[in-house]
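Asker: Quick one: structure below, then a few questions.
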Amino acid sequence: MAITYRYIGHATHIFEIAGKTVLIDPFFTNNPLAKVKADEVNTHTILITHGHFDHIEDTVEIAKRTKAKVVANNEIINWLRAQGLSEEQTHAQNIGG
């Protein structure tokens, strides 16, 4: 199984594993290091480490467009659901975790 890794800049990373793409901390729009735009990224899963702006900025846009599953702590998932992501599209980890 091949794994491809791409560093986008700051805390944003993309892994391709067995034909699936995992995006970590989508921060493209205001990221001066990003050579890729948010609307150019396709992913199956989005992982959010924490809720700071520079780790979550483009999550809603990318998730809505790609239908990616978003995994984060409970509080971030509640916020993402308030932004229009469905319960089926999100996976909350333990509260505070």
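Chains: A, B, ... in order of the structure tokens. Residues: from 1 per chain. Ligands: from 1, in order shown.
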Return as a ChimeraX atom specification the full set of residues in chain A whose backbone-based DSSP assignment is strand (DSSP E).
Answerer: /A:3-9,12-17,20-24,45-47,69-72,90-92
Asker: Fewer than 6 positions away in the same chain doesn't count, so skip those; otherwise give me all residues within 9 Å of segment 10-18 of chain A, counting only C-alpha atoms, as a ChimeraX atom specification.
Answerer: /A:1-4,24-28,31-34,43,54-55
Asker: Can I get the selection written as a PDB file, in the first residue's frame, with N, CA and C atoms?
Answerer:
```
ATOM      1  N   MET A   1       0.840  -1.165   0.000  1.00  0.00           N
ATOM      2  CA  MET A   1       0.000   0.000   0.000  1.00  0.00           C
ATOM      3  C   MET A   1       0.895   1.241   0.000  1.00  0.00           C
ATOM      4  N   ALA A   2       0.748   2.059  -1.014  1.00  0.00           N
ATOM      5  CA  ALA A   2       1.541   3.275  -1.135  1.00  0.00           C
ATOM      6  C   ALA A   2       0.874   4.422  -0.388  1.00  0.00           C
ATOM      7  N   ILE A   3       1.701   5.238   0.234  1.00  0.00           N
ATOM      8  CA  ILE A   3       1.229   6.441   0.907  1.00  0.00           C
ATOM      9  C   ILE A   3       1.955   7.620   0.287  1.00  0.00           C
ATOM     10  N   THR A   4       1.167   8.614  -0.129  1.00  0.00           N
ATOM     11  CA  THR A   4       1.731   9.839  -0.665  1.00  0.00           C
ATOM     12  C   THR A   4       1.436  10.962   0.321  1.00  0.00           C
ATOM     13  N   ILE A  24      -5.700  17.195   6.424  1.00  0.00           N
ATOM     14  CA  ILE A  24      -5.574  17.595   7.827  1.00  0.00           C
ATOM     15  C   ILE A  24      -5.492  19.112   7.903  1.00  0.00           C
ATOM     16  N   ASP A  25      -6.359  19.690   8.732  1.00  0.00           N
ATOM     17  CA  ASP A  25      -6.396  21.122   9.028  1.00  0.00           C
ATOM     18  C   ASP A  25      -6.413  22.002   7.772  1.00  0.00           C
ATOM     19  N   PRO A  26      -7.536  22.050   7.060  1.00  0.00           N
ATOM     20  CA  PRO A  26      -7.624  22.806   5.802  1.00  0.00           C
ATOM     21  C   PRO A  26      -7.520  24.314   5.990  1.00  0.00           C
ATOM     22  N   PHE A  27      -6.373  24.845   5.676  1.00  0.00           N
ATOM     23  CA  PHE A  27      -6.090  26.282   5.783  1.00  0.00           C
ATOM     24  C   PHE A  27      -5.397  26.690   4.483  1.00  0.00           C
ATOM     25  N   PHE A  28      -6.198  27.138   3.518  1.00  0.00           N
ATOM     26  CA  PHE A  28      -5.692  27.494   2.194  1.00  0.00           C
ATOM     27  C   PHE A  28      -5.846  28.983   1.892  1.00  0.00           C
ATOM     28  N   ASN A  31      -3.567  31.343   3.811  1.00  0.00           N
ATOM     29  CA  ASN A  31      -2.285  30.723   4.117  1.00  0.00           C
ATOM     30  C   ASN A  31      -1.254  31.182   3.082  1.00  0.00           C
ATOM     31  N   PRO A  32      -0.304  32.011   3.470  1.00  0.00           N
ATOM     32  CA  PRO A  32       0.669  32.517   2.497  1.00  0.00           C
ATOM     33  C   PRO A  32       1.576  31.438   1.915  1.00  0.00           C
ATOM     34  N   LEU A  33       1.660  30.280   2.555  1.00  0.00           N
ATOM     35  CA  LEU A  33       2.505  29.204   2.054  1.00  0.00           C
ATOM     36  C   LEU A  33       1.781  28.283   1.077  1.00  0.00           C
ATOM     37  N   ALA A  34       0.453  28.332   1.063  1.00  0.00           N
ATOM     38  CA  ALA A  34      -0.323  27.405   0.231  1.00  0.00           C
ATOM     39  C   ALA A  34      -0.217  27.780  -1.241  1.00  0.00           C
ATOM     40  N   THR A  43     -11.034  15.473  -1.440  1.00  0.00           N
ATOM     41  CA  THR A  43     -10.678  14.608  -0.320  1.00  0.00           C
ATOM     42  C   THR A  43     -11.847  13.734   0.078  1.00  0.00           C
ATOM     43  N   ASP A  54      -6.568  29.082  11.765  1.00  0.00           N
ATOM     44  CA  ASP A  54      -5.547  28.618  10.829  1.00  0.00           C
ATOM     45  C   ASP A  54      -5.448  27.091  10.768  1.00  0.00           C
ATOM     46  N   HIS A  55      -6.447  26.418  11.290  1.00  0.00           N
ATOM     47  CA  HIS A  55      -6.535  24.958  11.196  1.00  0.00           C
ATOM     48  C   HIS A  55      -7.881  24.506  10.642  1.00  0.00           C
TER      49      HIS A  55
END
```
Asker: Hey, what's within 12 Å of His50 of chain A if we count only C-alpha atoms and toss same-chain stuff fewer than 3 positions away? As a list in words, please?
Answerer: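 Selected residues are Ala11, Ile24, Asp25, Pro26, Leu47, Phe53, Asp54, His55, Ile56, Glu57, Thr59, Val71, Ala72, Asn73, Asn74, Glu75, Ile76, Ile77, Gln93, Gly96 and Gly97 of chain A.
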Asker: With only C-alpha atoms as the basis for distance, which of A:Thr45, A:Arg6, A:Glu40, A:Lys35 is at the shortest distance from Thr21 of chain A?
Answerer: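 The answer is A:Thr45, which sits nearest to Thr21 of chain A.
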Asker: Using Å and a single decimal, report how far atom CA of Ala38 of chain A sits from atom CA of Ile62 of chain A.
Answerer: 6.6 Å
Asker: Could you check how far atom CA of His52 of chain A sits from atom CA of Leu80 of chain A, in Å to one decimal?
Answerer: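 So the answer is 13.2 Å.
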